[in-house]
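J.: Next comes the structure file run-v6.cif, holding mmCIF, C-alpha atoms.
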```
data_run
#
loop_
_atom_site.label_atom_id
_atom_site.label_comp_id
_atom_site.auth_asym_id
_atom_site.auth_seq_id
_atom_site.Cartn_x
_atom_site.Cartn_y
_atom_site.Cartn_z
CA ASN A 1 -16.84 -21.07 3.44
CA ALA A 2 -15.63 -17.62 4.46
CA GLY A 3 -14.71 -16.64 0.88
CA VAL A 4 -12.16 -13.81 0.93
CA THR A 5 -11.11 -12.48 4.33
CA GLN A 6 -9.02 -9.38 5.06
CA THR A 7 -7.28 -8.13 8.18
CA PRO A 8 -7.31 -5.63 9.72
CA LYS A 9 -10.68 -3.99 9.05
CA PHE A 10 -9.44 -0.54 10.06
CA GLN A 11 -5.99 0.98 10.54
CA VAL A 12 -4.60 4.43 11.28
CA LEU A 13 -0.93 5.07 10.52
CA LYS A 14 1.38 8.01 10.79
CA THR A 15 3.35 9.15 7.75
CA GLY A 16 6.44 6.98 7.35
CA GLN A 17 5.13 3.98 9.27
CA SER A 18 4.92 0.57 7.64
CA MET A 19 2.26 -2.08 7.72
CA THR A 20 1.08 -5.22 5.98
CA LEU A 21 -2.48 -5.91 4.90
CA GLN A 22 -3.40 -9.58 4.94
CA CYS A 23 -5.74 -11.43 2.60
CA ALA A 24 -6.76 -15.09 2.50
CA GLN A 25 -9.22 -17.05 0.38
CA ASP A 26 -10.68 -20.52 0.89
CA MET A 27 -12.09 -21.07 -2.62
CA ASN A 28 -8.96 -22.80 -3.98
CA HIS A 29 -8.54 -19.92 -6.44
CA ASN A 30 -5.34 -19.53 -8.42
CA SER A 31 -5.39 -15.75 -8.90
CA MET A 32 -5.47 -12.97 -6.32
CA TYR A 33 -5.65 -9.18 -6.58
CA TRP A 34 -5.24 -5.99 -4.58
CA TYR A 35 -7.32 -2.90 -5.44
CA ARG A 36 -7.71 0.48 -3.82
CA GLN A 37 -10.95 2.48 -3.87
CA ASP A 38 -10.94 6.24 -3.58
CA PRO A 39 -13.88 8.67 -3.79
CA GLY A 40 -14.38 9.79 -7.38
CA MET A 41 -11.73 7.36 -8.67
CA GLY A 42 -13.38 3.97 -8.57
CA LEU A 43 -11.46 0.76 -7.96
CA ARG A 44 -7.90 0.65 -9.28
CA LEU A 45 -5.64 -2.39 -9.50
CA ILE A 46 -2.44 -2.20 -7.43
CA TYR A 47 -0.89 -5.65 -7.90
CA TYR A 48 -2.07 -9.09 -8.82
CA SER A 49 -0.85 -12.68 -8.69
CA ALA A 50 -2.01 -14.84 -11.56
CA SER A 51 -0.81 -17.98 -9.83
CA GLU A 52 1.24 -19.03 -6.82
CA GLY A 53 4.80 -17.81 -7.29
CA THR A 54 4.01 -14.93 -9.65
CA THR A 55 3.15 -11.28 -9.08
CA ASP A 56 2.62 -8.40 -11.50
CA LYS A 57 2.08 -4.67 -11.26
CA GLY A 58 -1.28 -3.15 -11.91
CA GLU A 59 -2.30 0.43 -12.61
CA VAL A 60 -1.05 2.05 -9.35
CA PRO A 61 1.83 -0.03 -7.87
CA ASN A 62 4.10 2.75 -6.59
CA GLY A 63 4.63 2.68 -2.83
CA TYR A 64 3.46 -0.93 -2.43
CA ASN A 65 4.93 -4.40 -2.39
CA VAL A 66 3.17 -7.75 -2.40
CA SER A 67 3.89 -11.31 -1.40
CA ARG A 68 2.03 -14.41 -2.54
CA LEU A 69 2.74 -16.46 0.56
CA ASN A 70 0.99 -19.61 -0.69
CA LYS A 71 -2.08 -20.41 -2.77
CA ARG A 72 -4.44 -19.07 -0.08
CA GLU A 73 -2.69 -15.90 1.05
CA PHE A 74 -1.67 -12.65 -0.67
CA SER A 75 -0.32 -9.74 1.39
CA LEU A 76 0.12 -6.05 0.55
CA ARG A 77 2.88 -4.06 2.25
CA LEU A 78 3.27 -0.33 2.64
CA GLU A 79 6.93 0.29 3.49
CA SER A 80 6.64 4.01 4.26
CA ALA A 81 3.05 5.15 4.36
CA ALA A 82 2.04 8.50 2.85
CA PRO A 83 -1.23 10.46 3.20
CA SER A 84 -1.92 9.74 -0.49
CA GLN A 85 -2.28 6.07 0.48
CA THR A 86 -5.34 6.82 2.59
CA SER A 87 -7.93 4.62 0.94
CA VAL A 88 -10.07 1.52 1.21
CA TYR A 89 -8.14 -1.57 0.12
CA PHE A 90 -9.89 -4.61 -1.33
CA CYS A 91 -8.49 -8.03 -1.97
CA ALA A 92 -10.12 -10.27 -4.58
CA SER A 93 -9.62 -13.75 -5.97
CA SER A 94 -10.62 -15.67 -9.08
CA SER A 95 -10.09 -19.14 -10.47
CA GLY A 96 -7.75 -17.71 -13.11
CA LEU A 97 -9.60 -19.65 -15.78
CA VAL A 98 -12.46 -17.16 -15.86
CA ASN A 99 -11.99 -13.72 -14.33
CA GLU A 100 -15.08 -13.59 -12.16
CA GLN A 101 -13.48 -11.94 -9.17
CA PHE A 102 -14.77 -12.26 -5.63
CA PHE A 103 -13.99 -9.49 -3.19
CA GLY A 104 -13.24 -9.32 0.50
CA PRO A 105 -14.83 -6.83 2.91
CA GLY A 106 -12.01 -4.29 2.66
CA THR A 107 -9.51 -2.54 4.93
CA ARG A 108 -10.03 1.16 5.66
CA LEU A 109 -6.61 2.78 6.00
CA THR A 110 -5.97 6.34 7.12
CA VAL A 111 -2.48 7.82 6.96
CA LEU A 112 -2.01 10.99 9.01
CA GLN B 1 -10.58 10.17 -21.57
CA LYS B 2 -10.87 7.49 -18.91
CA GLU B 3 -11.10 3.94 -20.25
CA VAL B 4 -14.50 3.33 -18.63
CA GLU B 5 -17.10 6.06 -18.11
CA GLN B 6 -20.02 5.69 -15.72
CA ASP B 7 -22.41 8.37 -14.47
CA PRO B 8 -21.96 8.58 -10.68
CA GLY B 9 -25.58 9.67 -10.06
CA PRO B 10 -27.28 9.58 -7.69
CA LEU B 11 -30.10 7.97 -9.63
CA SER B 12 -33.36 8.00 -7.65
CA VAL B 13 -36.39 5.99 -8.81
CA PRO B 14 -39.63 4.80 -7.16
CA GLU B 15 -40.03 1.22 -5.98
CA GLY B 16 -41.20 -1.08 -8.77
CA ALA B 17 -39.65 0.94 -11.58
CA ILE B 18 -37.31 -0.47 -14.19
CA VAL B 19 -33.79 0.81 -13.64
CA SER B 20 -31.25 1.27 -16.43
CA LEU B 21 -27.57 1.61 -15.56
CA ASN B 22 -24.94 2.16 -18.24
CA CYS B 23 -21.22 2.32 -18.96
CA THR B 24 -19.25 3.30 -22.02
CA TYR B 25 -15.69 2.30 -22.72
CA SER B 26 -12.93 3.18 -25.14
CA ASN B 27 -10.72 0.07 -25.23
CA SER B 28 -11.93 -2.19 -28.03
CA ALA B 29 -9.89 -5.06 -26.55
CA PHE B 30 -12.39 -5.51 -23.70
CA GLN B 31 -14.34 -8.73 -24.14
CA TYR B 32 -15.45 -9.67 -20.62
CA PHE B 33 -17.95 -7.48 -18.83
CA MET B 34 -19.19 -7.58 -15.26
CA TRP B 35 -21.57 -5.76 -12.98
CA TYR B 36 -20.94 -5.52 -9.26
CA ARG B 37 -23.19 -4.24 -6.49
CA GLN B 38 -21.62 -2.52 -3.52
CA TYR B 39 -23.47 -1.63 -0.36
CA SER B 40 -22.10 1.15 1.82
CA ARG B 41 -18.90 0.10 3.63
CA LYS B 42 -18.97 -3.39 2.09
CA GLY B 43 -16.98 -5.16 -0.60
CA PRO B 44 -18.24 -5.38 -4.21
CA GLU B 45 -20.52 -8.35 -4.91
CA LEU B 46 -20.57 -9.91 -8.39
CA LEU B 47 -24.01 -9.68 -10.01
CA MET B 48 -23.55 -10.46 -13.70
CA TYR B 49 -20.75 -11.78 -15.91
CA THR B 50 -20.96 -11.68 -19.70
CA TYR B 51 -18.69 -12.38 -22.62
CA SER B 52 -18.71 -10.34 -25.85
CA SER B 53 -21.95 -8.88 -27.21
CA GLY B 54 -25.47 -9.97 -26.33
CA ASN B 55 -27.87 -10.26 -23.43
CA LYS B 56 -27.83 -12.27 -20.23
CA GLU B 57 -30.70 -12.54 -17.79
CA ASP B 58 -30.66 -13.62 -14.14
CA GLY B 59 -33.87 -13.14 -12.22
CA ARG B 60 -34.72 -9.43 -12.12
CA PHE B 61 -31.37 -8.47 -13.67
CA THR B 62 -30.50 -8.27 -17.38
CA ALA B 63 -27.05 -7.36 -18.69
CA GLN B 64 -26.59 -6.13 -22.24
CA VAL B 65 -23.36 -5.64 -24.16
CA ASP B 66 -23.07 -3.77 -27.46
CA LYS B 67 -19.43 -4.01 -28.49
CA SER B 68 -20.00 -2.10 -31.72
CA SER B 69 -21.06 0.94 -29.67
CA LYS B 70 -18.73 0.15 -26.74
CA TYR B 71 -21.75 0.37 -24.44
CA ILE B 72 -22.96 -1.92 -21.67
CA SER B 73 -26.15 -1.80 -19.63
CA LEU B 74 -27.68 -3.37 -16.56
CA PHE B 75 -31.47 -3.42 -16.22
CA ILE B 76 -33.21 -4.08 -12.92
CA ARG B 77 -36.91 -4.96 -13.11
CA ASP B 78 -39.38 -4.53 -10.25
CA SER B 79 -36.81 -2.53 -8.28
CA GLN B 80 -36.84 -2.89 -4.50
CA PRO B 81 -35.50 -0.64 -1.71
CA SER B 82 -32.94 -3.38 -1.03
CA ASP B 83 -31.50 -2.68 -4.51
CA SER B 84 -30.30 0.71 -3.24
CA ALA B 85 -26.52 0.53 -3.58
CA THR B 86 -23.65 1.59 -5.82
CA TYR B 87 -23.40 -0.39 -9.06
CA LEU B 88 -19.98 -0.80 -10.62
CA CYS B 89 -19.28 -1.93 -14.15
CA ALA B 90 -16.01 -3.74 -14.77
CA MET B 91 -14.32 -5.19 -17.81
CA ALA B 92 -11.22 -7.02 -18.99
CA PRO B 93 -9.64 -7.98 -22.30
CA GLY B 94 -9.01 -11.59 -21.37
CA GLY B 95 -10.91 -14.25 -19.52
CA GLY B 96 -8.10 -15.54 -17.38
CA ALA B 97 -6.22 -13.82 -14.61
CA ASP B 98 -6.43 -10.25 -15.95
CA GLY B 99 -7.15 -7.48 -13.51
CA LEU B 100 -10.41 -5.62 -14.03
CA THR B 101 -10.91 -2.02 -15.16
CA PHE B 102 -13.78 -0.46 -13.25
CA GLY B 103 -16.14 2.42 -13.80
CA LYS B 104 -16.54 4.85 -10.91
CA GLY B 105 -19.93 3.43 -9.99
CA THR B 106 -23.52 4.72 -10.06
CA HIS B 107 -25.25 5.38 -6.75
CA LEU B 108 -28.82 4.06 -7.02
CA ILE B 109 -31.61 4.97 -4.61
CA ILE B 110 -34.95 3.11 -4.72
CA GLN B 111 -37.62 5.15 -2.97
CA PRO B 112 -40.26 3.10 -1.06
#
```
Could the structure of this file be written out as structure tokens, please?
T.:
Amino acid sequence: NAGVTQTPKFQVLKTGQSMTLQCAQDMNHNSMYWYRQDPGMGLRLIYYSASEGTTDKGEVPNGYNVSRLNKREFSLRLESAAPSQTSVYFCASSSGLVNEQFFGPGTRLTVL
Amino acid sequence: QKEVEQDPGPLSVPEGAIVSLNCTYSNSAFQYFMWYRQYSRKGPELLMYTYSSGNKEDGRFTAQVDKSSKYISLFIRDSQPSDSATYLCAMAPGGGADGLTFGKGTHLIIQP
């Protein structure tokens, strides 16, 4: 089992460009999450999907959109990237019955 | 005041020592508490998961929760250089699909 996988691993964007971060899990989990991690700020929740077909905002949703494509896949889209979105992005999943969350390896995004 | 406070360190101890890592929190609704370990440039890895107050032991790791003091701890016995990492505490009010609130992490260095 690969667990939680994320693509790409690294990305450099220019201000105003758009991109989609992909996440997939093979643990048959119901719930999926997107966090960002910044130096001195810790991990902060951007959006989550409690189950297929539902999405909800987290602590820092502005500038992002998400799509729960199916039970396995949860994508994060930046429509018009800004330097403030330079961060490491982590996807996580959990069964939804207990909130033990399992994380992917992360995507390092730099916006110039 | 941030919801979860965690000393960023670094905390440097000699190999074999007992390590104590701590977090305090302000939200009395938190009932589920987790500790994650994160190696440099990797995703967080779940170490311990506890519910409400009390102790939980797993090998060299012991997690303690004192809800009356809003204080959680992780103890590492017989510390090894491979334990050198950043340790993140995380918590949530519910046990289902809630997103987690993280501390900023403590950077731990085990000196050989």
J.: Could you list, as a ChimeraX atom specification, every residue of chain B that has an atom within 9 Å of an atom of chain A, counting only C-alpha atoms?
T.: /B:8,32,34,41-46,49,88,92,94-105
J.: At a cut-off of 7 Å, using all atoms listed in the file, what residues contact range 26-28 of chain A? Leave out same-chain residues fewer than 4 positions from it and give the result as number ranges by chain.
T.: A: 1-4, 72
J.: Nearest residue to Pro14 in chain B out of B:Pro81, B:Thr86, B:Tyr39, B:Leu47, using all atoms listed in the file?
T.: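 Looking only at the distances to Pro14 in chain B, the closest residue turns out to be B:Pro81.
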J.: Written as a PDB file with C-alpha atoms, in the coordinates of the input, what is the full residue list that the PyMOL selection byres ((chain A and resi 20) around 8) yields on the file shown?
T.:
```pdb
ATOM      1  CA  SER A  18       4.920   0.570   7.640  1.00  0.00           C
ATOM      2  CA  MET A  19       2.260  -2.080   7.720  1.00  0.00           C
ATOM      3  CA  LEU A  21      -2.480  -5.910   4.900  1.00  0.00           C
ATOM      4  CA  GLN A  22      -3.400  -9.580   4.940  1.00  0.00           C
ATOM      5  CA  SER A  75      -0.320  -9.740   1.390  1.00  0.00           C
ATOM      6  CA  LEU A  76       0.120  -6.050   0.550  1.00  0.00           C
ATOM      7  CA  ARG A  77       2.880  -4.060   2.250  1.00  0.00           C
ATOM      8  CA  LEU A  78       3.270  -0.330   2.640  1.00  0.00           C
TER       9      LEU A  78
END
```
J.: Could you tell me which of B:Lys2, B:His107, B:Lys67, B:Arg77 comes closest to Phe33 in chain B if we count only C-alpha atoms?
T.: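 Closest to Phe33 in chain B, using only C-alpha atoms: B:Lys67.
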J.: In Å, with one decimal, what is the gap from CA of Pro93 in chain B to CA of Gln31 in chain B?
T.: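 Separation between CA of Pro93 in chain B and CA of Gln31 in chain B: 5.1 Å.
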J.: Rounded to one decimal, what separation in Å do you get between CA of Asn27 in chain B and CA of Leu74 in chain B?
T.: 19.4 Å
J.: Given the PyMOL selection byres ((chain A and resi 17) around 9) and the file above, list the residues it selects as an MDAnalysis selection string.
T.: chainID A and resid 13:16 18:19 78:82 111
J.: Which residue out of A:Thr5, A:Asn70, A:Gln25, A:Ser87 has the minimum interatomic distance to Glu52 in chain A when all atoms listed in the file are used?
T.: A:Asn70
J.: Just to confirm, what's the straight-line distance from CA of Val13 in chain B to CA of Pro112 in chain B in Å (one decimal)?
T.: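 We find that CA of Val13 in chain B and CA of Pro112 in chain B lie 9.1 Å from each other.
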J.: Could you tell me which residues the PyMOL selection byres ((chain B and resi 21) around 9) grabs in this file, written as a PDB file with C-alpha atoms, in the coordinates of the input?
T.:
```
ATOM      1  CA  GLN B   6     -20.020   5.690 -15.720  1.00  0.00           C
ATOM      2  CA  ASP B   7     -22.410   8.370 -14.470  1.00  0.00           C
ATOM      3  CA  VAL B  19     -33.790   0.810 -13.640  1.00  0.00           C
ATOM      4  CA  SER B  20     -31.250   1.270 -16.430  1.00  0.00           C
ATOM      5  CA  ASN B  22     -24.940   2.160 -18.240  1.00  0.00           C
ATOM      6  CA  CYS B  23     -21.220   2.320 -18.960  1.00  0.00           C
ATOM      7  CA  ILE B  72     -22.960  -1.920 -21.670  1.00  0.00           C
ATOM      8  CA  SER B  73     -26.150  -1.800 -19.630  1.00  0.00           C
ATOM      9  CA  LEU B  74     -27.680  -3.370 -16.560  1.00  0.00           C
ATOM     10  CA  PHE B  75     -31.470  -3.420 -16.220  1.00  0.00           C
ATOM     11  CA  ILE B  76     -33.210  -4.080 -12.920  1.00  0.00           C
ATOM     12  CA  TYR B  87     -23.400  -0.390  -9.060  1.00  0.00           C
ATOM     13  CA  THR B 106     -23.520   4.720 -10.060  1.00  0.00           C
ATOM     14  CA  LEU B 108     -28.820   4.060  -7.020  1.00  0.00           C
TER      15      LEU B 108
END
```
J.: Taking all atoms of range 45-49 of chain B that appear in the file, build a box with edges along x, y and z, extend it by 5 Å on every side, and state its centre and edge lengths in Å to one decimal, as AutoDock Vina command-line options.
T.:
```
--center_x -22.3 --center_y -10.1 --center_z -10.4 --size_x 13.5 --size_y 13.4 --size_z 21.0
```
J.: Would you mind putting N, CA, C and O atoms back on range 31-50 of chain B and writing the result as an mmCIF file, in the coordinates of the input?
T.:
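What landed in part.cif:
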```cif
data_model
loop_
_atom_site.group_PDB
_atom_site.id
_atom_site.type_symbol
_atom_site.label_atom_id
_atom_site.label_comp_id
_atom_site.auth_asym_id
_atom_site.auth_seq_id
_atom_site.Cartn_x
_atom_site.Cartn_y
_atom_site.Cartn_z
ATOM 1 N N GLN B 31 -13.417 -7.698 -23.677
ATOM 2 C CA GLN B 31 -14.340 -8.730 -24.140
ATOM 3 C C GLN B 31 -15.190 -9.307 -23.014
ATOM 4 O O GLN B 31 -16.178 -9.978 -23.282
ATOM 5 N N TYR B 32 -14.750 -9.108 -21.775
ATOM 6 C CA TYR B 32 -15.450 -9.670 -20.620
ATOM 7 C C TYR B 32 -15.989 -8.511 -19.801
ATOM 8 O O TYR B 32 -15.245 -7.578 -19.473
ATOM 9 N N PHE B 33 -17.270 -8.606 -19.454
ATOM 10 C CA PHE B 33 -17.950 -7.480 -18.830
ATOM 11 C C PHE B 33 -18.703 -7.976 -17.589
ATOM 12 O O PHE B 33 -19.365 -9.009 -17.623
ATOM 13 N N MET B 34 -18.588 -7.211 -16.529
ATOM 14 C CA MET B 34 -19.190 -7.580 -15.260
ATOM 15 C C MET B 34 -19.923 -6.408 -14.639
ATOM 16 O O MET B 34 -19.584 -5.242 -14.894
ATOM 17 N N TRP B 35 -20.908 -6.737 -13.840
ATOM 18 C CA TRP B 35 -21.570 -5.760 -12.980
ATOM 19 C C TRP B 35 -21.451 -6.208 -11.541
ATOM 20 O O TRP B 35 -21.718 -7.373 -11.223
ATOM 21 N N TYR B 36 -21.040 -5.268 -10.689
ATOM 22 C CA TYR B 36 -20.940 -5.520 -9.260
ATOM 23 C C TYR B 36 -21.892 -4.584 -8.523
ATOM 24 O O TYR B 36 -22.126 -3.450 -8.944
ATOM 25 N N ARG B 37 -22.390 -5.060 -7.395
ATOM 26 C CA ARG B 37 -23.190 -4.240 -6.490
ATOM 27 C C ARG B 37 -22.378 -4.051 -5.221
ATOM 28 O O ARG B 37 -21.798 -4.991 -4.689
ATOM 29 N N GLN B 38 -22.366 -2.808 -4.732
ATOM 30 C CA GLN B 38 -21.620 -2.520 -3.520
ATOM 31 C C GLN B 38 -22.490 -1.729 -2.554
ATOM 32 O O GLN B 38 -22.870 -0.584 -2.840
ATOM 33 N N TYR B 39 -22.775 -2.338 -1.421
ATOM 34 C CA TYR B 39 -23.470 -1.630 -0.360
ATOM 35 C C TYR B 39 -22.468 -0.794 0.410
ATOM 36 O O TYR B 39 -21.266 -1.091 0.429
ATOM 37 N N SER B 40 -22.974 0.233 1.107
ATOM 38 C CA SER B 40 -22.100 1.150 1.820
ATOM 39 C C SER B 40 -21.197 0.405 2.799
ATOM 40 O O SER B 40 -21.660 -0.435 3.581
ATOM 41 N N ARG B 41 -19.909 0.670 2.726
ATOM 42 C CA ARG B 41 -18.900 0.100 3.630
ATOM 43 C C ARG B 41 -18.778 -1.414 3.515
ATOM 44 O O ARG B 41 -18.406 -2.090 4.479
ATOM 45 N N LYS B 42 -19.123 -1.946 2.351
ATOM 46 C CA LYS B 42 -18.970 -3.390 2.090
ATOM 47 C C LYS B 42 -18.117 -3.595 0.847
ATOM 48 O O LYS B 42 -17.838 -2.650 0.097
ATOM 49 N N GLY B 43 -17.713 -4.836 0.605
ATOM 50 C CA GLY B 43 -16.980 -5.160 -0.600
ATOM 51 C C GLY B 43 -17.913 -5.338 -1.783
ATOM 52 O O GLY B 43 -19.100 -5.621 -1.620
ATOM 53 N N PRO B 44 -17.418 -5.150 -3.017
ATOM 54 C CA PRO B 44 -18.240 -5.380 -4.210
ATOM 55 C C PRO B 44 -18.679 -6.842 -4.306
ATOM 56 O O PRO B 44 -17.904 -7.751 -4.004
ATOM 57 N N GLU B 45 -19.915 -7.033 -4.775
ATOM 58 C CA GLU B 45 -20.520 -8.350 -4.910
ATOM 59 C C GLU B 45 -20.852 -8.560 -6.391
ATOM 60 O O GLU B 45 -21.545 -7.742 -7.001
ATOM 61 N N LEU B 46 -20.350 -9.652 -6.967
ATOM 62 C CA LEU B 46 -20.570 -9.910 -8.390
ATOM 63 C C LEU B 46 -22.037 -10.214 -8.672
ATOM 64 O O LEU B 46 -22.621 -11.103 -8.064
ATOM 65 N N LEU B 47 -22.624 -9.460 -9.626
ATOM 66 C CA LEU B 47 -24.010 -9.680 -10.010
ATOM 67 C C LEU B 47 -24.128 -10.410 -11.346
ATOM 68 O O LEU B 47 -24.898 -11.356 -11.473
ATOM 69 N N MET B 48 -23.415 -9.933 -12.347
ATOM 70 C CA MET B 48 -23.550 -10.460 -13.700
ATOM 71 C C MET B 48 -22.182 -10.527 -14.356
ATOM 72 O O MET B 48 -21.336 -9.662 -14.144
ATOM 73 N N TYR B 49 -22.006 -11.563 -15.193
ATOM 74 C CA TYR B 49 -20.750 -11.780 -15.910
ATOM 75 C C TYR B 49 -21.111 -12.157 -17.339
ATOM 76 O O TYR B 49 -21.831 -13.122 -17.557
ATOM 77 N N THR B 50 -20.624 -11.387 -18.306
ATOM 78 C CA THR B 50 -20.960 -11.680 -19.700
ATOM 79 C C THR B 50 -19.718 -11.619 -20.562
ATOM 80 O O THR B 50 -18.748 -10.932 -20.251
#
```
